[in-house]
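A.B. asks: I am sharing final.cif, which consists of mmCIF, C-alpha atoms and all ligand atoms:
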```cif
data_data
loop_
_atom_site.label_atom_id
_atom_site.label_comp_id
_atom_site.auth_asym_id
_atom_site.auth_seq_id
_atom_site.Cartn_x
_atom_site.Cartn_y
_atom_site.Cartn_z
CA MET U 10 8.17 32.51 30.32
CA LYS U 11 11.68 31.75 31.31
CA ASN U 12 10.54 30.26 34.56
CA ARG U 13 7.97 28.19 32.80
CA ASN U 14 10.59 26.89 30.39
CA ASN U 15 12.81 26.10 33.30
CA ILE U 16 10.06 24.13 34.91
CA GLU U 17 9.40 22.32 31.65
CA ASP U 18 13.09 21.62 31.26
CA TYR U 19 13.21 20.39 34.81
CA LEU U 20 10.18 18.16 34.31
CA LEU U 21 11.53 16.80 31.06
CA GLU U 22 14.90 16.19 32.67
CA SER U 23 13.42 14.40 35.63
CA TYR U 24 11.14 12.41 33.33
CA ASN U 25 14.15 11.34 31.26
CA LYS U 26 16.13 10.64 34.40
CA ASN U 27 13.26 8.53 35.61
CA LEU U 28 13.27 6.54 32.40
CA LYS U 29 17.04 6.18 32.65
CA ASP U 30 16.72 4.88 36.21
CA ARG U 31 14.28 2.32 34.95
CA LYS U 32 16.43 1.34 32.01
CA GLU U 33 17.75 -1.93 33.31
CA GLU U 34 18.69 -3.78 30.15
CA THR U 35 19.57 -3.41 26.51
CA ILE U 36 19.20 -5.76 23.63
CA PHE U 37 21.61 -5.97 20.69
CA GLY U 38 23.85 -3.59 22.61
CA ASN U 39 21.91 -0.41 21.99
CA ILE U 40 18.15 -0.93 22.15
CA PRO U 41 16.99 0.04 25.65
CA VAL U 42 14.55 -2.23 27.46
CA TYR U 43 12.57 -0.14 29.97
CA ILE U 44 10.95 -2.04 32.82
CA ILE U 45 8.03 0.28 33.50
CA LYS U 46 6.15 -2.37 35.52
CA ASP U 47 7.94 -5.12 37.37
CA LEU U 48 8.00 -8.60 35.96
CA PRO U 49 7.24 -11.62 38.20
CA ASP U 50 10.31 -12.99 39.99
CA HIS U 51 10.28 -16.23 38.02
CA ILE U 52 10.93 -14.39 34.73
CA ASN U 53 14.59 -14.24 33.75
CA LEU U 54 14.55 -11.20 31.45
CA GLN U 55 18.26 -11.38 30.71
CA ALA U 56 17.88 -14.96 29.52
CA VAL U 57 14.90 -14.00 27.33
CA LEU U 58 16.83 -11.12 25.74
CA LYS U 59 19.92 -13.27 25.22
CA ARG U 60 17.85 -15.92 23.47
CA ILE U 61 16.44 -13.29 21.11
CA GLU U 62 19.94 -11.97 20.32
CA ASP U 63 21.11 -15.50 19.56
CA LEU U 64 18.19 -16.22 17.27
CA ILE U 65 17.31 -13.07 15.35
CA PRO U 66 19.63 -11.48 12.76
CA GLU U 67 20.74 -8.08 13.98
CA HIS U 68 19.48 -6.19 10.91
CA PHE U 69 15.96 -7.35 11.80
CA VAL U 70 15.84 -4.96 14.75
CA TYR U 71 16.90 -1.80 12.89
CA GLY U 72 13.30 -0.60 12.99
CA ILE U 73 13.03 -0.87 16.79
CA ASP U 74 13.95 2.12 19.00
CA SER U 75 13.04 0.68 22.39
CA ILE U 76 11.17 -2.01 24.27
CA TYR U 77 8.78 -1.18 27.13
CA VAL U 78 7.66 -3.78 29.65
CA GLU U 79 4.23 -2.75 30.90
CA HIS U 80 0.61 -3.83 30.52
CA LEU U 81 -1.11 -1.27 28.27
CA LYS U 82 -4.87 -0.79 28.67
CA GLU U 83 -5.42 -1.80 25.04
CA PHE U 84 -3.91 -5.24 25.76
CA THR U 85 -6.91 -6.15 27.88
CA SER U 86 -9.55 -4.77 25.51
CA ARG U 87 -7.94 -6.43 22.48
CA SER U 88 -6.87 -9.64 24.28
CA VAL U 89 -3.24 -9.27 23.21
CA ASN U 90 0.06 -9.38 25.13
CA ALA U 91 2.18 -7.01 23.09
CA VAL U 92 2.13 -4.44 20.31
CA PHE U 93 4.62 -2.76 17.96
CA LYS U 94 3.85 0.91 17.44
CA GLY U 95 5.75 4.12 16.77
CA GLY U 96 9.04 2.21 16.55
CA SER U 97 8.67 0.62 19.99
CA ILE U 98 7.66 -2.79 21.24
CA TYR U 99 5.36 -2.78 24.27
CA VAL U 100 5.10 -6.13 26.02
CA THR U 101 3.01 -7.02 29.05
CA ASN U 102 4.70 -7.59 32.42
CA PHE U 103 2.10 -10.30 33.16
CA GLN U 104 4.13 -13.25 31.91
CA ASP U 105 3.64 -16.91 32.86
CA ASN U 106 7.13 -18.01 31.88
CA ASP U 107 10.22 -17.08 29.87
CA ALA U 108 9.00 -18.89 26.76
CA ASP U 109 5.80 -16.83 26.62
CA MET U 110 7.68 -13.57 26.95
CA PHE U 111 10.16 -14.70 24.31
CA ASP U 112 7.22 -15.53 21.98
CA ASP U 113 5.59 -12.16 22.54
CA ILE U 114 8.73 -10.20 21.68
CA VAL U 115 9.64 -12.30 18.62
CA HIS U 116 6.09 -11.82 17.32
CA GLU U 117 6.41 -8.03 17.55
CA ILE U 118 9.89 -8.12 15.98
CA ALA U 119 8.16 -9.86 13.06
CA HIS U 120 5.80 -6.90 12.69
CA SER U 121 8.73 -4.48 12.68
CA VAL U 122 10.55 -6.60 10.07
CA GLU U 123 7.44 -6.66 7.91
CA GLN U 124 7.30 -2.86 8.06
CA LEU U 125 11.04 -2.38 7.50
CA PHE U 126 11.24 -4.72 4.48
CA LYS U 127 7.75 -4.19 3.08
CA LYS U 128 9.03 -3.74 -0.47
CA GLN U 129 11.13 -6.89 -0.53
CA ILE U 130 8.37 -8.97 1.06
CA TYR U 131 5.32 -7.78 -0.84
CA LYS U 132 6.34 -6.18 -4.14
CA ASP U 133 5.68 -9.31 -6.25
CA ASP U 134 2.39 -10.13 -4.47
CA ALA U 135 3.40 -13.80 -4.07
CA VAL U 136 2.80 -13.90 -0.31
CA LYS U 137 -0.52 -12.09 -0.62
CA LYS U 138 -1.67 -14.50 -3.35
CA GLU U 139 -0.64 -17.46 -1.23
CA PHE U 140 -2.54 -16.04 1.75
CA LEU U 141 -5.73 -15.22 -0.19
CA GLY U 142 -5.62 -18.64 -1.90
CA LYS U 143 -5.61 -20.28 1.54
CA ARG U 144 -8.43 -18.03 2.70
CA LYS U 145 -10.47 -19.12 -0.35
CA ARG U 146 -9.84 -22.79 0.45
CA LEU U 147 -10.89 -22.14 4.05
CA LEU U 148 -14.08 -20.40 2.90
CA ASP U 149 -15.00 -23.51 0.86
CA LEU U 150 -14.43 -25.70 3.93
CA LEU U 151 -16.49 -23.37 6.11
CA LYS U 152 -19.38 -23.33 3.64
CA GLN U 153 -19.52 -27.11 3.98
CA GLU U 154 -19.83 -26.57 7.73
CA GLY U 155 -22.72 -24.15 7.20
CA TYR U 156 -20.83 -20.88 7.76
CA THR U 157 -21.83 -18.44 5.04
CA GLU U 158 -21.21 -15.00 6.57
CA TYR U 159 -18.49 -12.46 5.77
CA ILE U 160 -17.85 -14.05 2.37
CA THR U 161 -16.28 -10.92 0.82
CA ALA U 162 -14.07 -10.42 3.89
CA PHE U 163 -12.18 -13.62 3.02
CA ASN U 164 -10.74 -11.77 0.03
CA ASN U 165 -9.54 -8.78 2.11
CA ALA U 166 -5.98 -9.22 3.41
CA ASN U 167 -6.19 -6.29 5.85
CA TYR U 168 -7.18 -6.50 9.50
CA SER U 169 -10.86 -6.11 10.32
CA ARG U 170 -12.07 -6.32 13.89
CA ALA U 171 -15.46 -7.70 12.83
CA PHE U 172 -13.84 -10.47 10.78
CA ASP U 173 -11.37 -11.20 13.59
CA GLU U 174 -14.31 -11.66 15.98
CA TYR U 175 -16.18 -13.78 13.43
CA LEU U 176 -13.20 -16.15 13.24
CA HIS U 177 -12.39 -16.12 16.93
CA GLN U 178 -15.84 -16.06 18.52
CA THR U 179 -18.49 -17.14 16.00
CA ILE U 180 -16.59 -19.96 14.29
CA GLY U 181 -14.08 -20.51 17.09
CA TYR U 182 -10.40 -21.41 16.98
CA SER U 183 -10.91 -25.08 17.79
CA LEU U 184 -12.95 -25.73 14.61
CA LEU U 185 -10.55 -23.54 12.61
CA GLN U 186 -7.61 -25.48 14.01
CA THR U 187 -9.17 -28.74 12.80
CA LEU U 188 -10.20 -27.43 9.38
CA THR U 189 -6.91 -25.73 8.57
CA GLN U 190 -4.37 -28.47 9.45
CA GLY U 191 -1.63 -28.19 6.84
CA LEU U 192 -3.22 -25.05 5.38
CA PHE U 193 -2.52 -22.38 8.01
CA LEU U 194 0.05 -22.61 10.81
CA SER U 195 -2.51 -21.46 13.37
CA PRO U 196 -6.01 -19.95 13.47
CA TYR U 197 -4.53 -16.57 14.37
CA SER U 198 -2.55 -16.51 11.12
CA ILE U 199 -5.89 -16.42 9.23
CA THR U 200 -6.68 -13.00 10.75
CA SER U 201 -4.79 -10.81 8.27
CA LEU U 202 -1.79 -10.81 5.94
CA ARG U 203 0.26 -9.11 8.69
CA GLU U 204 -0.51 -11.89 11.17
CA TYR U 205 0.08 -14.52 8.47
CA PHE U 206 3.58 -13.06 8.11
CA ALA U 207 4.21 -12.80 11.87
CA ILE U 208 3.13 -16.38 12.64
CA GLY U 209 5.26 -17.63 9.75
CA PHE U 210 8.20 -15.64 11.09
CA GLU U 211 7.75 -17.26 14.53
CA GLU U 212 7.67 -20.70 12.91
CA TYR U 213 10.84 -19.93 10.94
CA PHE U 214 12.89 -18.72 13.89
CA MET U 215 11.40 -20.62 16.82
CA LYS U 216 9.85 -23.85 15.57
CA ASP U 217 9.93 -25.92 12.41
CA ARG U 218 11.45 -24.18 9.40
CA ASP U 219 10.80 -27.15 7.08
CA TYR U 220 7.16 -27.27 8.08
CA LEU U 221 6.82 -23.57 7.17
CA LYS U 222 8.44 -24.32 3.82
CA ARG U 223 5.86 -27.04 3.13
CA VAL U 224 2.78 -25.14 4.31
CA SER U 225 3.67 -21.60 3.15
CA PRO U 226 6.45 -21.82 0.55
CA GLN U 227 6.12 -18.23 -0.67
CA LEU U 228 6.22 -16.82 2.83
CA TYR U 229 9.22 -19.05 3.60
CA ASN U 230 11.04 -17.71 0.51
CA LYS U 231 10.50 -14.11 1.53
CA ILE U 232 11.70 -14.65 5.10
CA GLU U 233 14.82 -16.36 3.68
CA LEU U 234 15.31 -13.43 1.33
CA VAL U 235 15.16 -10.73 4.00
CA ALA U 236 17.16 -12.81 6.50
CA GLU U 237 20.04 -12.90 4.00
CA LEU U 238 20.03 -9.15 3.24
ZN ZN I 1 0.52 -9.66 15.55
#
```
How does the structure come out when it is put into structure tokens?
C.D. replies:
Amino acid sequence: MKNRNNIEDYLLESYNKNLKDRKEETIFGNIPVYIIKDLPDHINLQAVLKRIEDLIPEHFVYGIDSIYVEHLKEFTSRSVNAVFKGGSIYVTNFQDNDADMFDDIVHEIAHSVEQLFKKQIYKDDAVKKEFLGKRKRLLDLLKQEGYTEYITAFNNANYSRAFDEYLHQTIGYSLLQTLTQGLFLSPYSITSLREYFAIGFEEYFMKDRDYLKRVSPQLYNKIELVAEL
């Protein structure tokens, strides 16, 4: 038994050592960024991380233990570039440019913020009502276009793969983009309340704050509220 434990200790130690060897960066001073798979040479990771530190309030990353750069299998099957799970952000190493990588990480920070400040964001239901009101408006527009499936799903704020595919593949993002100008920030933000929040968060910190205020005033208010905590 002792030997076995020793071996386990040794393996654990070498595993940790391995991770430590790979730990090339940190963000906000103490969150390790592990480069599990190499990034292309044209990506300047330090610049991406610095930009995030400059833009995002520090208390927004309290829910993040670590960042892993690697392409998870689920990224391909779900057509995504990053995920926030178990307190860590996983982001693909297949990046076209710094801006894309920056986008991916900010989007997942949004999901961690949403989880960390759930009570402050959702307790009065204002954001959910705003989101479902927009969904209802979209459903009316789609009915005029002849789309009459998944009617009850429009009133469900949670993620559903079938509904996601209905929006993305059956209706298509180009029609949704046209129909939802001034209603939703992007077709992806129609997917679920979580994505509605994350896309709004991206708009607030990376794009046009005033536009977010006009299109999604309740969401804007809540992001302001948690940013000032
Ligand atoms: Zn997301």
A.B. asks: In terms of the shortest atom-to-atom distance over only C-alpha atoms, which of U:Asp107, U:Asp219, U:Asp74, U:Glu117 is closest to U:Asn90?
C.D. replies: U:Glu117
A.B. asks: What gap, in Å, lies between atom CA of U:Asn164 and atom CA of U:Ile114?
C.D. replies: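 Between atom CA of U:Asn164 and atom CA of U:Ile114 the gap works out to 29.2 Å.
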A.B. asks: Please identify the residues whose atoms come within 10 Å of ligand ZN 1 (chain I), using only C-alpha atoms and all ligand atoms, and report them as a CSV table (one decimal) with C-alpha atoms, keeping the file's coordinate frame.
C.D. replies:
```csv
chain,number,residue,atom,x,y,z
U,89,VAL,CA,-3.2,-9.3,23.2
U,90,ASN,CA,0.1,-9.4,25.1
U,91,ALA,CA,2.2,-7.0,23.1
U,92,VAL,CA,2.1,-4.4,20.3
U,93,PHE,CA,4.6,-2.8,18.0
U,113,ASP,CA,5.6,-12.2,22.5
U,115,VAL,CA,9.6,-12.3,18.6
U,116,HIS,CA,6.1,-11.8,17.3
U,117,GLU,CA,6.4,-8.0,17.6
U,118,ILE,CA,9.9,-8.1,16.0
U,119,ALA,CA,8.2,-9.9,13.1
U,120,HIS,CA,5.8,-6.9,12.7
U,197,TYR,CA,-4.5,-16.6,14.4
U,198,SER,CA,-2.6,-16.5,11.1
U,200,THR,CA,-6.7,-13.0,10.8
U,201,SER,CA,-4.8,-10.8,8.3
U,202,LEU,CA,-1.8,-10.8,5.9
U,203,ARG,CA,0.3,-9.1,8.7
U,204,GLU,CA,-0.5,-11.9,11.2
U,205,TYR,CA,0.1,-14.5,8.5
U,206,PHE,CA,3.6,-13.1,8.1
U,207,ALA,CA,4.2,-12.8,11.9
U,208,ILE,CA,3.1,-16.4,12.6
```
A.B. asks: Compile the contact shell of U:Asn102 as a list of chain:residue names: residues with an atom at most 10 Å away, counting only C-alpha atoms, same-chain residues fewer than 2 positions apart removed.
C.D. replies: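 The residues that qualify are U:Ile44, U:Ile45, U:Lys46, U:Asp47, U:Leu48, U:Pro49, U:Ile52, U:Tyr77, U:Val78, U:Glu79, U:His80, U:Leu81, U:Asn90, U:Ala91, U:Tyr99, U:Val100, U:Gln104, U:Asp105, U:Met110.
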A.B. asks: Taking (17.7, -2.2, 17.2) as a centre in this file's frame and 12 Å as the limit, can you find every polymer residue with an atom that close, using only C-alpha atoms, and give them as a ChimeraX atom specification?
C.D. replies: /U:35-42,61-62,65-76,96-98,118,121-122,125
A.B. asks: Atoms to include: C-alpha atoms. Write the selected residues as a compact mmCIF listing (two decimals), keeping the file's coordinate frame.
C.D. replies:
```
# COMPACT_ATOMS: atom_id res chain seq x y z
CA THR U 35 19.57 -3.41 26.51
CA ILE U 36 19.20 -5.76 23.63
CA PHE U 37 21.61 -5.97 20.69
CA GLY U 38 23.85 -3.59 22.61
CA ASN U 39 21.91 -0.41 21.99
CA ILE U 40 18.15 -0.93 22.15
CA PRO U 41 16.99 0.04 25.65
CA VAL U 42 14.55 -2.23 27.46
CA ILE U 61 16.44 -13.29 21.11
CA GLU U 62 19.94 -11.97 20.32
CA ILE U 65 17.31 -13.07 15.35
CA PRO U 66 19.63 -11.48 12.76
CA GLU U 67 20.74 -8.08 13.98
CA HIS U 68 19.48 -6.19 10.91
CA PHE U 69 15.96 -7.35 11.80
CA VAL U 70 15.84 -4.96 14.75
CA TYR U 71 16.90 -1.80 12.89
CA GLY U 72 13.30 -0.60 12.99
CA ILE U 73 13.03 -0.87 16.79
CA ASP U 74 13.95 2.12 19.00
CA SER U 75 13.04 0.68 22.39
CA ILE U 76 11.17 -2.01 24.27
CA GLY U 96 9.04 2.21 16.55
CA SER U 97 8.67 0.62 19.99
CA ILE U 98 7.66 -2.79 21.24
CA ILE U 118 9.89 -8.12 15.98
CA SER U 121 8.73 -4.48 12.68
CA VAL U 122 10.55 -6.60 10.07
CA LEU U 125 11.04 -2.38 7.50
```
A.B. asks: Mind pulling up the distance from atom CA of U:Asn106 to atom CA of U:Val57?
C.D. replies: 9.9 Å
A.B. asks: Which one is closest to U:Asp217: U:Phe126, U:Leu194, U:Tyr159, U:Ala108? Count only C-alpha atoms.
C.D. replies: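 Among the listed residues, U:Leu194 lies closest to U:Asp217.
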A.B. asks: Counting all atoms listed in the file, note down every residue that has an atom within 10 Å of the point (-5.9, -21.7, 10.5) (file coordinates), as a list of chain:residue names.
C.D. replies: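 Residues with an atom at most 10 Å from (-5.9, -21.7, 10.5): U:Lys143, U:Arg144, U:Leu147, U:Leu176, U:Tyr182, U:Ser183, U:Leu184, U:Leu185, U:Gln186, U:Thr187, U:Leu188, U:Thr189, U:Gln190, U:Gly191, U:Leu192, U:Phe193, U:Leu194, U:Ser195, U:Pro196, U:Tyr197, U:Ser198, U:Ile199, U:Thr200, U:Tyr205.
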A.B. asks: As an exercise, work out the distance from atom CA of U:Glu123 to atom CA of U:Leu228 in Å and give it to one decimal place.
C.D. replies: 11.4 Å
A.B. asks: Rank U:Asp50, U:Gln153, U:Arg146, U:Lys94 by their smallest atom-to-atom distance to U:Gln124, using all atoms listed in the file, and report the top residue only.
C.D. replies: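 For U:Gln124, the nearest of the candidates is U:Lys94.
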A.B. asks: For stretch 133-162 of chain U in the structure I just supplied, write out N, CA, C and O atoms - as a compact mmCIF listing (two decimals), in the first residue's frame.
C.D. replies:
```
# COMPACT_ATOMS: atom_id res chain seq x y z
N ASP U 133 -34.98 40.33 -9.43
CA ASP U 133 -36.23 41.06 -9.70
C ASP U 133 -36.86 40.68 -11.06
O ASP U 133 -37.87 41.25 -11.46
N ASP U 134 -36.27 39.71 -11.73
CA ASP U 134 -36.85 39.19 -12.98
C ASP U 134 -36.89 40.18 -14.15
O ASP U 134 -37.44 39.87 -15.21
N ALA U 135 -36.33 41.38 -13.96
CA ALA U 135 -36.43 42.40 -15.02
C ALA U 135 -35.73 41.97 -16.31
O ALA U 135 -36.25 42.18 -17.41
N VAL U 136 -34.56 41.36 -16.18
CA VAL U 136 -33.80 40.95 -17.37
C VAL U 136 -34.53 39.81 -18.08
O VAL U 136 -34.64 39.79 -19.31
N LYS U 137 -35.04 38.87 -17.27
CA LYS U 137 -35.76 37.74 -17.86
C LYS U 137 -37.01 38.23 -18.60
O LYS U 137 -37.29 37.78 -19.72
N LYS U 138 -37.72 39.16 -18.00
CA LYS U 138 -38.93 39.70 -18.65
C LYS U 138 -38.57 40.41 -19.96
O LYS U 138 -39.27 40.28 -20.96
N GLU U 139 -37.49 41.17 -19.91
CA GLU U 139 -37.03 41.86 -21.12
C GLU U 139 -36.71 40.85 -22.22
O GLU U 139 -37.14 41.00 -23.38
N PHE U 140 -35.98 39.80 -21.84
CA PHE U 140 -35.58 38.76 -22.79
C PHE U 140 -36.81 38.05 -23.38
O PHE U 140 -36.92 37.92 -24.61
N LEU U 141 -37.73 37.61 -22.52
CA LEU U 141 -38.90 36.87 -23.01
C LEU U 141 -39.83 37.77 -23.83
O LEU U 141 -40.48 37.31 -24.78
N GLY U 142 -39.87 39.07 -23.50
CA GLY U 142 -40.66 40.02 -24.30
C GLY U 142 -40.11 40.11 -25.72
O GLY U 142 -40.85 40.15 -26.70
N LYS U 143 -38.78 40.13 -25.82
CA LYS U 143 -38.13 40.18 -27.14
C LYS U 143 -38.36 38.88 -27.91
O LYS U 143 -38.59 38.90 -29.12
N ARG U 144 -38.28 37.78 -27.19
CA ARG U 144 -38.56 36.48 -27.83
C ARG U 144 -39.98 36.46 -28.42
O ARG U 144 -40.20 35.95 -29.50
N LYS U 145 -40.94 37.03 -27.66
CA LYS U 145 -42.34 37.04 -28.10
C LYS U 145 -42.47 37.88 -29.38
O LYS U 145 -43.13 37.48 -30.32
N ARG U 146 -41.81 39.03 -29.37
CA ARG U 146 -41.82 39.90 -30.55
C ARG U 146 -41.22 39.16 -31.77
O ARG U 146 -41.75 39.22 -32.86
N LEU U 147 -40.13 38.45 -31.51
CA LEU U 147 -39.48 37.68 -32.58
C LEU U 147 -40.42 36.59 -33.11
O LEU U 147 -40.51 36.37 -34.32
N LEU U 148 -41.12 35.92 -32.19
CA LEU U 148 -42.05 34.86 -32.61
C LEU U 148 -43.12 35.43 -33.55
O LEU U 148 -43.43 34.83 -34.58
N ASP U 149 -43.64 36.62 -33.21
CA ASP U 149 -44.63 37.27 -34.09
C ASP U 149 -44.04 37.53 -35.48
O ASP U 149 -44.70 37.29 -36.50
N LEU U 150 -42.80 38.01 -35.50
CA LEU U 150 -42.14 38.29 -36.79
C LEU U 150 -41.92 37.01 -37.58
O LEU U 150 -42.11 36.98 -38.80
N LEU U 151 -41.56 35.93 -36.87
CA LEU U 151 -41.30 34.66 -37.55
C LEU U 151 -42.58 34.04 -38.09
O LEU U 151 -42.58 33.42 -39.15
N LYS U 152 -43.67 34.21 -37.36
CA LYS U 152 -44.96 33.69 -37.84
C LYS U 152 -45.31 34.33 -39.18
O LYS U 152 -45.80 33.66 -40.09
N GLN U 153 -45.02 35.63 -39.29
CA GLN U 153 -45.29 36.33 -40.56
C GLN U 153 -44.43 35.76 -41.70
O GLN U 153 -44.78 35.89 -42.86
N GLU U 154 -43.30 35.18 -41.32
CA GLU U 154 -42.40 34.58 -42.32
C GLU U 154 -42.76 33.11 -42.57
O GLU U 154 -42.08 32.44 -43.36
N GLY U 155 -43.76 32.62 -41.86
CA GLY U 155 -44.20 31.23 -42.07
C GLY U 155 -43.57 30.21 -41.13
O GLY U 155 -43.76 29.01 -41.31
N TYR U 156 -42.81 30.67 -40.15
CA TYR U 156 -42.20 29.74 -39.18
C TYR U 156 -43.12 29.58 -37.97
O TYR U 156 -43.34 30.54 -37.23
N THR U 157 -43.65 28.37 -37.80
CA THR U 157 -44.63 28.17 -36.74
C THR U 157 -44.28 27.02 -35.80
O THR U 157 -45.11 26.55 -35.04
N GLU U 158 -43.00 26.58 -35.83
CA GLU U 158 -42.59 25.49 -34.94
C GLU U 158 -42.07 26.05 -33.62
O GLU U 158 -41.77 27.23 -33.51
N TYR U 159 -41.93 25.14 -32.66
CA TYR U 159 -41.28 25.45 -31.37
C TYR U 159 -41.91 26.66 -30.66
O TYR U 159 -41.21 27.42 -29.99
N ILE U 160 -43.21 26.85 -30.82
CA ILE U 160 -43.84 28.06 -30.28
C ILE U 160 -43.67 28.17 -28.76
O ILE U 160 -43.35 29.24 -28.25
N THR U 161 -43.85 27.05 -28.04
CA THR U 161 -43.73 27.14 -26.57
C THR U 161 -42.28 27.38 -26.15
O THR U 161 -42.04 27.99 -25.11
N ALA U 162 -41.32 26.94 -26.97
CA ALA U 162 -39.91 27.11 -26.62
C ALA U 162 -39.52 28.59 -26.53
O ALA U 162 -38.57 28.95 -25.82
```
